[in-house]
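What follows is the content of data26.txt (compact mmCIF, C-alpha atoms).
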```txt
# COMPACT_ATOMS: atom_id res chain seq x y z
CA MET A 19 -9.18 -50.08 -7.49
CA SER A 20 -11.53 -52.88 -6.52
CA ALA A 21 -15.02 -53.16 -7.99
CA ARG A 22 -16.45 -52.30 -4.59
CA SER A 23 -14.40 -49.16 -4.05
CA LEU A 24 -15.12 -48.08 -7.62
CA ARG A 25 -18.82 -48.49 -6.99
CA ILE A 26 -18.57 -46.55 -3.73
CA THR A 27 -16.62 -43.73 -5.43
CA LEU A 28 -19.21 -43.49 -8.19
CA THR A 29 -22.04 -43.52 -5.65
CA VAL A 30 -20.48 -40.70 -3.63
CA LEU A 31 -19.98 -38.62 -6.78
CA THR A 32 -23.55 -39.32 -7.90
CA VAL A 33 -24.98 -38.27 -4.53
CA ALA A 34 -22.96 -35.03 -4.72
CA GLY A 35 -24.25 -34.38 -8.26
CA LEU A 36 -27.77 -35.23 -7.13
CA GLY A 37 -27.50 -32.65 -4.36
CA ILE A 38 -26.36 -29.94 -6.78
CA ALA A 39 -29.00 -30.73 -9.40
CA GLY A 40 -31.65 -30.94 -6.69
CA TYR A 41 -30.65 -27.56 -5.31
CA LEU A 42 -30.68 -25.92 -8.75
CA THR A 43 -34.08 -27.45 -9.50
CA TYR A 44 -35.40 -26.11 -6.21
CA VAL A 45 -33.94 -22.64 -6.97
CA HIS A 46 -35.61 -22.70 -10.38
CA TYR A 47 -39.09 -23.59 -9.18
CA ALA A 48 -38.99 -21.69 -5.87
CA GLU A 49 -37.76 -18.55 -7.69
CA VAL A 50 -35.12 -17.88 -5.06
CA GLN A 51 -31.64 -16.54 -5.62
CA PRO A 52 -29.00 -19.27 -5.79
CA VAL A 53 -26.06 -19.04 -3.41
CA CYS A 54 -23.29 -17.80 -5.69
CA THR A 55 -19.87 -16.43 -4.78
CA ALA A 56 -19.37 -15.05 -8.29
CA GLY A 57 -21.90 -12.19 -8.04
CA ASP A 58 -24.92 -12.62 -10.29
CA SER A 59 -23.29 -15.18 -12.59
CA CYS A 60 -25.53 -18.00 -11.40
CA ILE A 61 -28.70 -15.95 -11.99
CA LYS A 62 -27.48 -15.00 -15.44
CA VAL A 63 -26.93 -18.63 -16.32
CA GLN A 64 -30.24 -19.67 -14.79
CA SER A 65 -32.07 -16.85 -16.56
CA SER A 66 -30.50 -17.49 -19.95
CA VAL A 67 -32.27 -19.18 -22.83
CA TYR A 68 -29.91 -22.12 -22.33
CA SER A 69 -31.31 -22.89 -18.87
CA LYS A 70 -34.10 -24.82 -20.54
CA LEU A 71 -34.09 -27.46 -23.22
CA ALA A 72 -37.35 -27.82 -25.09
CA GLY A 73 -39.03 -26.01 -22.22
CA VAL A 74 -37.62 -28.34 -19.55
CA PRO A 75 -35.19 -26.78 -17.03
CA VAL A 76 -31.73 -28.31 -17.51
CA ALA A 77 -31.44 -28.55 -13.71
CA LEU A 78 -34.42 -30.93 -13.74
CA ILE A 79 -32.89 -32.93 -16.60
CA GLY A 80 -29.70 -33.21 -14.54
CA LEU A 81 -31.64 -34.27 -11.47
CA LEU A 82 -33.42 -37.04 -13.38
CA GLY A 83 -30.08 -38.13 -14.85
CA TYR A 84 -28.41 -38.39 -11.44
CA VAL A 85 -31.42 -40.24 -9.99
CA SER A 86 -31.22 -42.78 -12.84
CA ILE A 87 -27.47 -43.22 -12.34
CA LEU A 88 -27.95 -43.70 -8.61
CA GLY A 89 -30.67 -46.27 -9.28
CA LEU A 90 -28.30 -48.19 -11.54
CA LEU A 91 -25.54 -48.07 -8.93
CA LEU A 92 -27.81 -49.36 -6.22
CA ALA A 93 -29.34 -52.07 -8.40
CA ARG A 94 -27.80 -55.53 -8.58
CA GLU A 95 -24.72 -55.12 -10.73
CA ASN A 96 -24.60 -56.90 -14.07
CA GLU A 97 -23.50 -56.27 -17.65
CA ASN A 98 -26.66 -54.30 -18.46
CA THR A 99 -26.49 -51.98 -15.44
CA ARG A 100 -22.81 -51.27 -16.08
CA PHE A 101 -23.58 -50.49 -19.73
CA ALA A 102 -26.55 -48.26 -18.89
CA MET A 103 -24.51 -46.48 -16.23
CA MET A 104 -21.67 -45.89 -18.70
CA ALA A 105 -24.07 -44.60 -21.36
CA LEU A 106 -25.83 -42.26 -18.92
CA THR A 107 -22.61 -40.77 -17.56
CA LEU A 108 -21.34 -40.20 -21.11
CA VAL A 109 -24.58 -38.43 -21.99
CA GLY A 110 -24.29 -36.37 -18.79
CA PHE A 111 -20.65 -35.57 -19.46
CA ALA A 112 -21.37 -34.45 -23.02
CA PHE A 113 -24.39 -32.40 -21.95
CA SER A 114 -22.49 -30.67 -19.14
CA GLY A 115 -19.71 -29.98 -21.67
CA TYR A 116 -22.28 -28.33 -23.93
CA LEU A 117 -23.63 -26.24 -21.03
CA THR A 118 -20.11 -25.16 -20.02
CA TYR A 119 -19.48 -24.13 -23.62
CA ARG A 120 -22.66 -22.03 -23.53
CA GLU A 121 -21.63 -20.47 -20.21
CA LEU A 122 -18.21 -19.53 -21.53
CA PHE A 123 -19.04 -18.43 -25.06
CA SER A 124 -22.73 -17.49 -25.12
CA ILE A 125 -23.66 -16.29 -21.62
CA HIS A 126 -20.18 -15.14 -20.56
CA ALA A 127 -20.87 -16.14 -16.97
CA ILE A 128 -19.97 -19.24 -15.02
CA CYS A 129 -22.38 -20.80 -12.57
CA GLU A 130 -20.23 -22.51 -9.94
CA TRP A 131 -22.90 -25.11 -9.21
CA CYS A 132 -23.06 -26.10 -12.89
CA ALA A 133 -19.25 -26.12 -13.09
CA THR A 134 -19.05 -28.44 -10.07
CA SER A 135 -21.59 -30.79 -11.60
CA ALA A 136 -19.59 -30.74 -14.86
CA ALA A 137 -16.44 -31.59 -12.90
CA ILE A 138 -18.22 -34.49 -11.19
CA LEU A 139 -19.36 -35.89 -14.52
CA THR A 140 -15.88 -35.40 -15.96
CA VAL A 141 -14.58 -37.76 -13.27
CA MET A 142 -17.54 -40.15 -13.47
CA ALA A 143 -17.50 -40.65 -17.24
CA PRO A 144 -14.03 -42.25 -17.55
CA LEU A 145 -14.56 -44.20 -14.33
CA SER A 146 -17.80 -45.71 -15.58
CA VAL A 147 -16.25 -46.50 -18.98
CA TRP A 148 -13.36 -48.20 -17.20
CA ARG A 149 -15.78 -50.08 -14.95
CA TYR A 150 -17.71 -51.31 -17.97
CA LEU A 151 -14.68 -52.37 -20.00
CA ARG A 152 -12.53 -53.91 -17.30
CA HIS A 153 -15.09 -56.20 -15.72
CA ALA A 154 -14.30 -59.88 -16.33
CA PRO A 155 -16.85 -61.41 -18.67
CA THR A 156 -19.25 -63.99 -17.36
CA LEU A 157 -18.19 -67.30 -18.85
CA PRO A 158 -20.47 -70.16 -19.71
CA THR A 159 -20.93 -72.54 -16.80
CA PRO A 160 -17.93 -74.87 -16.92
CA ARG A 161 -18.46 -78.54 -17.10
CA LEU A 162 -17.14 -79.87 -13.84
CA TYR A 163 -15.49 -83.20 -14.08
CA SER A 164 -13.89 -85.59 -11.76
CA THR A 165 -12.26 -88.93 -12.20
CA MET B 19 -14.40 -67.31 -12.35
CA SER B 20 -14.97 -70.98 -11.54
CA ARG B 21 -12.16 -73.20 -10.53
CA VAL B 22 -12.24 -76.88 -11.20
CA LYS B 23 -10.91 -79.14 -8.54
CA VAL B 24 -9.52 -82.36 -9.90
CA GLN B 25 -8.91 -85.38 -7.77
CA ARG B 26 -5.66 -87.08 -8.36
CA GLU B 27 -5.50 -90.81 -8.82
CA PRO B 28 -2.05 -92.15 -8.11
CA GLU B 29 -2.26 -95.16 -10.49
CA ASN B 30 -2.90 -92.90 -13.56
CA LEU B 31 -0.93 -89.90 -12.43
CA THR B 32 1.03 -89.11 -15.58
CA ARG B 33 -1.82 -89.66 -17.99
CA LYS B 34 -4.21 -87.83 -15.72
CA GLN B 35 -1.91 -84.89 -15.37
CA HIS B 36 -1.60 -84.80 -19.11
CA ARG B 37 -5.35 -84.84 -19.56
CA ASP B 38 -5.82 -82.17 -16.92
CA HIS B 39 -3.22 -80.02 -18.54
CA ALA B 40 -4.94 -80.37 -21.88
CA ARG B 41 -8.29 -79.52 -20.31
CA ALA B 42 -6.81 -76.50 -18.56
CA ARG B 43 -5.35 -75.28 -21.83
CA ARG B 44 -8.67 -75.75 -23.60
CA LYS B 45 -10.43 -73.92 -20.80
CA ALA B 46 -7.94 -71.07 -20.83
CA LEU B 47 -8.33 -70.81 -24.59
CA GLN B 48 -12.10 -70.78 -24.27
CA GLU B 49 -11.93 -68.11 -21.59
CA ALA B 50 -9.63 -66.01 -23.73
CA GLU B 51 -11.95 -66.34 -26.72
CA VAL B 52 -15.00 -65.39 -24.68
CA ALA B 53 -13.13 -62.49 -23.08
CA ALA B 54 -11.99 -61.22 -26.49
CA ALA B 55 -15.52 -61.50 -27.88
CA VAL B 56 -16.99 -59.70 -24.88
CA ARG B 57 -14.33 -56.99 -25.04
CA GLN B 58 -15.04 -56.51 -28.73
CA THR B 59 -18.78 -56.28 -28.09
CA ARG B 60 -18.24 -53.78 -25.29
CA LEU B 61 -15.94 -51.62 -27.39
CA ARG B 62 -18.45 -51.71 -30.24
CA LEU B 63 -21.25 -50.66 -27.87
CA LEU B 64 -19.05 -47.94 -26.40
CA GLY B 65 -18.36 -46.67 -29.92
CA ILE B 66 -22.09 -46.63 -30.68
CA VAL B 67 -22.85 -44.74 -27.46
CA VAL B 68 -20.08 -42.18 -28.09
CA THR B 69 -21.31 -41.64 -31.67
CA VAL B 70 -24.95 -41.24 -30.61
CA VAL B 71 -23.97 -38.82 -27.83
CA ALA B 72 -21.76 -36.78 -30.18
CA VAL B 73 -24.53 -36.57 -32.78
CA GLY B 74 -27.02 -35.61 -30.05
CA ILE B 75 -24.81 -32.78 -28.80
CA VAL B 76 -24.28 -31.44 -32.32
CA VAL B 77 -28.07 -31.47 -32.83
CA VAL B 78 -28.60 -29.62 -29.52
CA LEU B 79 -25.88 -27.11 -30.41
CA LEU B 80 -27.43 -26.44 -33.80
CA ALA B 81 -30.95 -26.27 -32.41
CA THR B 82 -30.13 -23.92 -29.54
CA GLY B 83 -27.60 -21.93 -31.56
CA GLY B 84 -30.37 -21.02 -33.97
CA ASN B 85 -32.36 -19.47 -31.15
CA THR B 86 -29.77 -16.78 -30.61
CA LYS B 87 -29.70 -15.62 -34.21
CA HIS B 88 -32.24 -12.89 -34.41
CA GLY B 89 -31.33 -9.67 -36.13
CA ILE B 90 -33.63 -7.47 -38.14
CA PRO B 91 -36.18 -9.63 -39.93
CA VAL B 92 -35.91 -9.57 -43.68
CA SER B 93 -39.62 -9.63 -44.34
CA LYS B 94 -41.75 -6.56 -43.77
CA ALA B 95 -44.44 -8.74 -42.21
CA GLU B 96 -42.06 -9.89 -39.47
CA GLN B 97 -40.86 -6.33 -38.90
CA SER B 98 -44.48 -5.23 -38.56
CA SER B 99 -45.04 -7.97 -36.04
CA VAL B 100 -42.17 -6.66 -33.87
CA VAL B 101 -43.40 -3.07 -34.21
CA HIS B 102 -46.88 -4.22 -33.23
CA GLU B 103 -45.58 -6.14 -30.22
CA VAL B 104 -43.47 -3.21 -29.01
CA SER B 105 -46.34 -0.78 -29.50
CA ASN B 106 -48.62 -3.04 -27.51
CA GLU B 107 -46.12 -3.09 -24.68
CA VAL B 108 -45.20 0.58 -24.36
CA GLY B 109 -47.86 2.31 -26.44
CA GLY B 110 -49.98 4.78 -24.50
CA ILE B 111 -47.46 5.04 -21.66
CA PRO B 112 -45.80 8.44 -21.22
CA GLN B 113 -42.14 8.55 -22.25
CA ARG B 114 -39.69 11.30 -21.55
CA ALA B 115 -36.04 10.88 -22.56
CA ASN B 116 -34.96 7.57 -20.98
CA VAL B 117 -37.98 7.30 -18.66
CA LEU B 118 -41.04 5.16 -19.24
CA GLY B 119 -44.04 5.86 -17.04
CA GLU B 120 -45.97 8.60 -15.33
CA PRO B 121 -43.60 11.31 -14.04
CA THR B 122 -45.50 11.22 -10.76
CA ALA B 123 -45.10 7.46 -10.24
CA PRO B 124 -44.07 6.86 -6.60
CA VAL B 125 -41.47 4.18 -7.38
CA THR B 126 -38.52 4.40 -9.76
CA LEU B 127 -36.67 1.42 -11.17
CA GLN B 128 -33.35 2.09 -12.87
CA TYR B 129 -32.57 -0.57 -15.44
CA PHE B 130 -28.89 -0.69 -16.41
CA GLY B 131 -28.48 -2.51 -19.69
CA ASP B 132 -26.29 -3.07 -22.68
CA LEU B 133 -28.27 -3.39 -25.90
CA GLU B 134 -26.10 -6.32 -27.02
CA CYS B 135 -26.46 -8.19 -23.71
CA PRO B 136 -28.41 -11.44 -24.24
CA VAL B 137 -29.53 -11.67 -20.62
CA CYS B 138 -30.92 -8.11 -20.91
CA ARG B 139 -32.82 -9.37 -23.93
CA ALA B 140 -34.14 -12.30 -21.90
CA PHE B 141 -35.24 -9.91 -19.14
CA THR B 142 -36.76 -7.41 -21.58
CA LEU B 143 -38.74 -10.07 -23.40
CA SER B 144 -39.71 -12.22 -20.41
CA ALA B 145 -40.12 -10.36 -17.13
CA LEU B 146 -40.34 -6.73 -18.27
CA PRO B 147 -43.67 -6.90 -20.17
CA SER B 148 -45.39 -8.12 -17.02
CA ILE B 149 -43.75 -5.39 -14.88
CA ILE B 150 -44.75 -2.71 -17.40
CA GLY B 151 -48.28 -4.07 -17.72
CA ARG B 152 -48.88 -4.30 -13.99
CA TRP B 153 -46.92 -1.43 -12.43
CA VAL B 154 -46.02 1.13 -15.09
CA ARG B 155 -49.48 1.13 -16.68
CA GLY B 156 -50.93 1.26 -13.20
CA GLY B 157 -49.03 4.51 -12.57
CA GLU B 158 -47.07 3.15 -9.63
CA LEU B 159 -43.71 2.71 -11.33
CA LYS B 160 -41.51 4.51 -13.81
CA ILE B 161 -38.48 2.88 -15.36
CA GLU B 162 -35.28 4.68 -16.30
CA TYR B 163 -33.15 2.92 -18.87
CA ARG B 164 -29.45 3.52 -18.21
CA SER B 165 -26.41 2.34 -20.13
CA LEU B 166 -23.68 0.08 -18.84
CA GLU B 167 -21.18 -1.47 -21.22
CA THR B 168 -20.81 -5.21 -20.66
CA ALA B 169 -21.59 -7.42 -23.64
CA THR B 170 -20.56 -4.99 -26.38
CA ARG B 171 -16.87 -5.50 -26.97
CA GLU B 172 -15.98 -2.28 -28.79
CA PRO B 173 -16.54 0.95 -26.80
CA GLU B 174 -17.22 2.93 -29.99
CA VAL B 175 -19.96 0.48 -31.05
CA PHE B 176 -21.46 0.63 -27.55
CA LYS B 177 -21.41 4.41 -27.65
CA ALA B 178 -22.96 4.51 -31.14
CA GLN B 179 -25.87 2.24 -30.26
CA GLN B 180 -26.56 3.79 -26.86
CA LEU B 181 -26.43 7.32 -28.31
CA ALA B 182 -28.83 6.18 -31.01
CA ALA B 183 -31.24 5.05 -28.26
CA LEU B 184 -30.81 8.29 -26.31
CA ALA B 185 -31.36 10.30 -29.50
CA ALA B 186 -34.68 8.50 -29.96
CA GLY B 187 -35.38 9.58 -26.38
CA LYS B 188 -35.14 13.20 -27.48
CA GLN B 189 -38.32 12.48 -29.42
CA ASP B 190 -39.71 10.50 -26.45
CA ARG B 191 -39.33 7.21 -28.30
CA MET B 192 -36.32 5.70 -26.59
CA TRP B 193 -38.28 2.77 -25.21
CA ASN B 194 -39.59 1.88 -28.66
CA PHE B 195 -36.00 1.94 -29.87
CA ILE B 196 -34.52 -0.22 -27.10
CA GLU B 197 -37.43 -2.67 -27.11
CA THR B 198 -37.08 -3.08 -30.89
CA PHE B 199 -33.30 -3.48 -30.50
CA TYR B 200 -33.73 -6.23 -27.92
CA HIS B 201 -36.42 -7.97 -29.98
CA GLU B 202 -34.12 -7.99 -33.00
CA GLN B 203 -30.85 -8.45 -31.16
CA GLY B 204 -28.25 -10.36 -33.19
CA GLU B 205 -25.88 -13.07 -32.14
CA GLU B 206 -23.41 -11.85 -29.57
CA ASP B 207 -19.91 -11.01 -30.84
CA SER B 208 -21.01 -11.39 -34.46
CA GLY B 209 -20.48 -7.68 -35.14
CA TYR B 210 -24.09 -7.26 -36.22
CA ALA B 211 -24.59 -3.81 -34.66
CA THR B 212 -23.42 -1.90 -37.70
CA GLU B 213 -24.56 1.56 -38.73
CA SER B 214 -27.10 0.08 -41.14
CA TYR B 215 -28.43 -2.20 -38.36
CA ILE B 216 -28.86 0.81 -36.02
CA GLN B 217 -30.63 2.73 -38.76
CA GLY B 218 -32.76 -0.34 -39.45
CA ILE B 219 -33.89 -0.33 -35.82
CA ALA B 220 -34.62 3.39 -35.91
CA SER B 221 -36.64 3.03 -39.11
CA GLN B 222 -39.00 0.66 -37.23
CA VAL B 223 -39.79 3.19 -34.51
CA PRO B 224 -43.20 4.65 -35.38
CA GLY B 225 -43.24 8.43 -35.66
CA LEU B 226 -39.48 8.87 -35.26
CA ASP B 227 -38.19 11.78 -37.34
CA LEU B 228 -35.10 10.12 -38.79
CA THR B 229 -33.47 13.35 -39.93
CA GLN B 230 -33.81 14.85 -36.48
CA TRP B 231 -32.71 11.58 -34.88
CA THR B 232 -29.56 11.46 -37.04
CA SER B 233 -28.73 15.02 -36.06
CA ASP B 234 -29.39 14.37 -32.34
CA ARG B 235 -26.99 11.42 -32.25
CA GLY B 236 -24.13 13.93 -32.21
CA ASP B 237 -25.54 15.88 -29.26
CA ALA B 238 -22.80 16.35 -26.63
CA ALA B 239 -25.40 16.25 -23.84
CA LEU B 240 -26.21 12.66 -24.74
CA SER B 241 -22.53 11.68 -24.51
CA SER B 242 -22.47 13.26 -21.04
CA GLN B 243 -25.50 11.23 -20.07
CA LEU B 244 -23.76 8.08 -21.22
CA LEU B 245 -20.78 8.96 -19.06
CA SER B 246 -23.03 9.75 -16.14
CA ASP B 247 -24.75 6.34 -16.47
CA GLY B 248 -21.38 4.60 -16.31
CA GLN B 249 -20.38 6.60 -13.23
CA ALA B 250 -23.70 5.84 -11.53
CA ALA B 251 -23.18 2.15 -12.19
CA SER B 252 -19.66 2.28 -10.72
CA ALA B 253 -20.88 4.19 -7.69
CA ALA B 254 -23.54 1.54 -7.07
CA ASN B 255 -20.97 -1.20 -7.64
CA LEU B 256 -22.86 -2.63 -10.61
CA ASN B 257 -20.57 -4.81 -12.69
CA GLY B 258 -22.90 -6.76 -14.93
CA THR B 259 -26.10 -6.29 -16.88
CA PRO B 260 -28.97 -6.31 -16.44
CA ALA B 261 -28.63 -4.55 -13.10
CA PHE B 262 -31.23 -2.64 -11.14
CA LEU B 263 -31.53 0.16 -8.62
CA ILE B 264 -34.90 0.78 -7.06
CA GLY B 265 -36.36 3.28 -4.65
CA ARG B 266 -39.07 5.80 -3.95
CA SER B 267 -39.03 8.44 -6.68
CA GLY B 268 -36.75 11.31 -5.71
CA GLY B 269 -35.36 9.33 -2.77
CA THR B 270 -32.41 7.05 -2.33
CA THR B 271 -32.11 3.89 -4.34
CA SER B 272 -30.84 0.47 -3.41
CA LYS B 273 -29.61 -2.41 -5.48
CA LEU B 274 -32.28 -4.91 -6.49
CA GLU B 275 -30.95 -8.41 -6.92
CA PRO B 276 -33.76 -10.50 -8.39
CA SER B 277 -33.85 -14.26 -8.02
CA SER B 278 -34.45 -14.52 -11.75
CA PHE B 279 -34.18 -12.19 -14.72
CA THR B 280 -36.97 -13.94 -16.56
CA GLU B 281 -39.59 -14.06 -13.83
CA PRO B 282 -41.13 -10.87 -12.41
CA GLY B 283 -41.60 -12.24 -8.87
CA SER B 284 -38.71 -10.41 -7.14
CA PHE B 285 -39.55 -7.17 -8.95
CA ASN B 286 -43.22 -7.36 -8.00
CA GLU B 287 -42.29 -7.91 -4.39
CA ALA B 288 -39.86 -4.97 -4.24
CA ILE B 289 -42.20 -2.59 -6.12
CA ALA B 290 -45.20 -3.52 -3.99
CA LYS B 291 -43.21 -2.94 -0.81
CA LEU B 292 -42.00 0.49 -1.95
CA ALA B 293 -45.37 1.53 -3.34
CA LYS B 294 -46.95 0.94 0.08
CA SER B 295 -44.25 2.73 2.06
```

Take the structure in the file and write it out as structure tokens.
Amino acid sequence: MSARSLRITLTVLTVAGLGIAGYLTYVHYAEVQPVCTAGDSCIKVQSSVYSKLAGVPVALIGLLGYVSILGLLLARENENTRFAMMALTLVGFAFSGYLTYRELFSIHAICEWCATSAAILTVMAPLSVWRYLRHAPTLPTPRLYST
Amino acid sequence: MSRVKVQREPENLTRKQHRDHARARRKALQEAEVAAAVRQTRLRLLGIVVTVVAVGIVVVLLATGGNTKHGIPVSKAEQSSVVHEVSNEVGGIPQRANVLGEPTAPVTLQYFGDLECPVCRAFTLSALPSIIGRWVRGGELKIEYRSLETATREPEVFKAQQLAALAAGKQDRMWNFIETFYHEQGEEDSGYATESYIQGIASQVPGLDLTQWTSDRGDAALSSQLLSDGQAASAANLNGTPAFLIGRSGGTTSKLEPSSFTEPGSFNEAIAKLAKS
């Protein structure tokens, strides 16, 4: 996979995640019922004590995370942006893993929106690690010579 | 990666080629060294990030895990605080069996719950106080608490705790019992709802005659009520808790699907609409 197609893949995934997190943030603040095929599972998850972290809705935390990742993807690519992107997706992946654990073992309900976001981050995390590790290092400017 | 273009000079071809070859080897070696150093740095940074993230998640797990561990407080002061809070919420409101509110209230909300259900706890502690304060105290709403087994794994434990609540209802104190239970709910699936836990909840209900309560727990009529609650839930296609049926008192009820269990908005809207009709 070329660097360009990898970047495009990550951007598409980020935009999808952004849409989900944005929708869940809207649902939280607008106090409307989320579209959910699994009955009231989404409301249960959104109403649980785990839907907030230190008083901040996790949907909003996710939204800010995706916005930051998108910003890094759209910025001029360099070692720092690739590192920051990798770190952010790992944080997002771990956090969505924690939320899925809570859904399965504490709330006993699965929110399909959250599960989709977790799946997106599960794909993004290894891709961004690979992107960070595989990129050829920038070498010192070679001394050009001619005779 | 930069490429170096070298001009060939025919008169020094062999020596030049040799020099170029040596330069290319040096360059390749330098590139390899830089690449190895960069790779090592990246792997080290990746390791740091993974460690920090893992530690962060463990901290979050421990911090949020602690929030679910409630149970009956050990200190009398904390128990008094719960009793005080529950009394503030339901004190002075008429109770009869499983009903909280004026018997003549025009709107009835049926609340199907499982005492071990954490989302029911979230609803009872977050949205319910506001609903009780605004509508039940105002005489426009009465709430019927009905049982539906969801979170409690063992049917016999479910039956024991729900019968204990219904038995408190025989002394018109069921709402004190269930509110106290939810306030002091333990960690789900930890097997906390033992006989001594149930008695501990009952002992915090002001004015409850414990001898009478113990005797009433075996009342066959209460078991029938439990069964009837389950059948009503099935008939209304209620599969999870908390679940709600709402309607004009004495009339037909319909399922209320709130947008949130912790915010009273959807409930207020539905109650207001029915109260006006």

Exercise for the section: Find the distance between atom CA of Arg114 of chain B and atom CA of Ile264 of chain B and write it in Å to one decimal. Expected result: 18.5 Å

Handout entry: Among the residues B:Val56, B:Ala178, B:Val68, B:Ala46, the one that comes closest to Ala154 of chain A [using only C-alpha atoms]
Key = B:Val56

Mind dumping a table of every segment 79-181 of chain B residue within 9 Å of segment 189-206 of chain B, with the nearest atom pair and its distance in Å to one decimal, using all atoms listed in the file, sorted by chain and rising number, as JSON lines?
```
{"residue": "B:Thr86", "atom": "CA", "partner": "B:Glu205", "partner_atom": "CA", "distance": 5.6}
{"residue": "B:Lys87", "atom": "CA", "partner": "B:Glu205", "partner_atom": "CA", "distance": 5.0}
{"residue": "B:His88", "atom": "CA", "partner": "B:Gly204", "partner_atom": "CA", "distance": 4.9}
{"residue": "B:Gly89", "atom": "CA", "partner": "B:Gly204", "partner_atom": "CA", "distance": 4.3}
{"residue": "B:Ile90", "atom": "CA", "partner": "B:Glu202", "partner_atom": "CA", "distance": 5.2}
{"residue": "B:Pro91", "atom": "CA", "partner": "B:Glu202", "partner_atom": "CA", "distance": 7.4}
{"residue": "B:Val100", "atom": "CA", "partner": "B:Thr198", "partner_atom": "CA", "distance": 6.9}
{"residue": "B:Val101", "atom": "CA", "partner": "B:Thr198", "partner_atom": "CA", "distance": 7.1}
{"residue": "B:Val104", "atom": "CA", "partner": "B:Glu197", "partner_atom": "CA", "distance": 6.4}
{"residue": "B:Ser105", "atom": "CA", "partner": "B:Asn194", "partner_atom": "CA", "distance": 7.3}
{"residue": "B:Val108", "atom": "CA", "partner": "B:Asn194", "partner_atom": "CA", "distance": 7.2}
{"residue": "B:Gly109", "atom": "CA", "partner": "B:Asn194", "partner_atom": "CA", "distance": 8.6}
{"residue": "B:Pro112", "atom": "CA", "partner": "B:Asp190", "partner_atom": "CA", "distance": 8.3}
{"residue": "B:Gln113", "atom": "CA", "partner": "B:Asp190", "partner_atom": "CA", "distance": 5.2}
{"residue": "B:Arg114", "atom": "CA", "partner": "B:Asp190", "partner_atom": "CA", "distance": 5.0}
{"residue": "B:Ala115", "atom": "CA", "partner": "B:Asp190", "partner_atom": "CA", "distance": 5.4}
{"residue": "B:Asn116", "atom": "CA", "partner": "B:Met192", "partner_atom": "CA", "distance": 6.1}
{"residue": "B:Val117", "atom": "CA", "partner": "B:Trp193", "partner_atom": "CA", "distance": 8.0}
{"residue": "B:Leu118", "atom": "CA", "partner": "B:Trp193", "partner_atom": "CA", "distance": 7.0}
{"residue": "B:Leu133", "atom": "CA", "partner": "B:Tyr200", "partner_atom": "CA", "distance": 6.5}
{"residue": "B:Glu134", "atom": "CA", "partner": "B:Gln203", "partner_atom": "CA", "distance": 6.7}
{"residue": "B:Cys135", "atom": "CA", "partner": "B:Glu206", "partner_atom": "CA", "distance": 7.6}
{"residue": "B:Pro136", "atom": "CA", "partner": "B:Glu206", "partner_atom": "CA", "distance": 7.3}
{"residue": "B:Cys138", "atom": "CA", "partner": "B:Tyr200", "partner_atom": "CA", "distance": 7.8}
{"residue": "B:Arg139", "atom": "CA", "partner": "B:Tyr200", "partner_atom": "CA", "distance": 5.2}
{"residue": "B:Ala140", "atom": "CA", "partner": "B:Tyr200", "partner_atom": "CA", "distance": 8.6}
{"residue": "B:Thr142", "atom": "CA", "partner": "B:Tyr200", "partner_atom": "CA", "distance": 7.1}
{"residue": "B:Leu143", "atom": "CA", "partner": "B:His201", "partner_atom": "CA", "distance": 7.3}
{"residue": "B:Tyr163", "atom": "CA", "partner": "B:Trp193", "partner_atom": "CA", "distance": 8.2}
{"residue": "B:Ala169", "atom": "CA", "partner": "B:Glu206", "partner_atom": "CA", "distance": 7.6}
{"residue": "B:Thr170", "atom": "CA", "partner": "B:Glu206", "partner_atom": "CA", "distance": 8.1}
{"residue": "B:Gln180", "atom": "CA", "partner": "B:Ile196", "partner_atom": "CA", "distance": 8.9}
```

Just to be explicit: take each residue in the selection above, keep C-alpha atoms, and write the result as a tab-separated table (two decimals), in the coordinates of the input.
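Below you can see part.tsv, which holds the result:
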```
chain	number	residue	atom	x	y	z
B	86	THR	CA	-29.77	-16.78	-30.61
B	87	LYS	CA	-29.70	-15.62	-34.21
B	88	HIS	CA	-32.24	-12.89	-34.41
B	89	GLY	CA	-31.33	-9.67	-36.13
B	90	ILE	CA	-33.63	-7.47	-38.14
B	91	PRO	CA	-36.18	-9.63	-39.93
B	100	VAL	CA	-42.17	-6.66	-33.87
B	101	VAL	CA	-43.40	-3.07	-34.21
B	104	VAL	CA	-43.47	-3.21	-29.01
B	105	SER	CA	-46.34	-0.78	-29.50
B	108	VAL	CA	-45.20	0.58	-24.36
B	109	GLY	CA	-47.86	2.31	-26.44
B	112	PRO	CA	-45.80	8.44	-21.22
B	113	GLN	CA	-42.14	8.55	-22.25
B	114	ARG	CA	-39.69	11.30	-21.55
B	115	ALA	CA	-36.04	10.88	-22.56
B	116	ASN	CA	-34.96	7.57	-20.98
B	117	VAL	CA	-37.98	7.30	-18.66
B	118	LEU	CA	-41.04	5.16	-19.24
B	133	LEU	CA	-28.27	-3.39	-25.90
B	134	GLU	CA	-26.10	-6.32	-27.02
B	135	CYS	CA	-26.46	-8.19	-23.71
B	136	PRO	CA	-28.41	-11.44	-24.24
B	138	CYS	CA	-30.92	-8.11	-20.91
B	139	ARG	CA	-32.82	-9.37	-23.93
B	140	ALA	CA	-34.14	-12.30	-21.90
B	142	THR	CA	-36.76	-7.41	-21.58
B	143	LEU	CA	-38.74	-10.07	-23.40
B	163	TYR	CA	-33.15	2.92	-18.87
B	169	ALA	CA	-21.59	-7.42	-23.64
B	170	THR	CA	-20.56	-4.99	-26.38
B	180	GLN	CA	-26.56	3.79	-26.86
```

Handout entry: Selection: 8 Å around Gly40 of chain A, all atoms listed in the file, excl. self and same-chain fewer than 2 positions, as a count of residues only
Key = 9
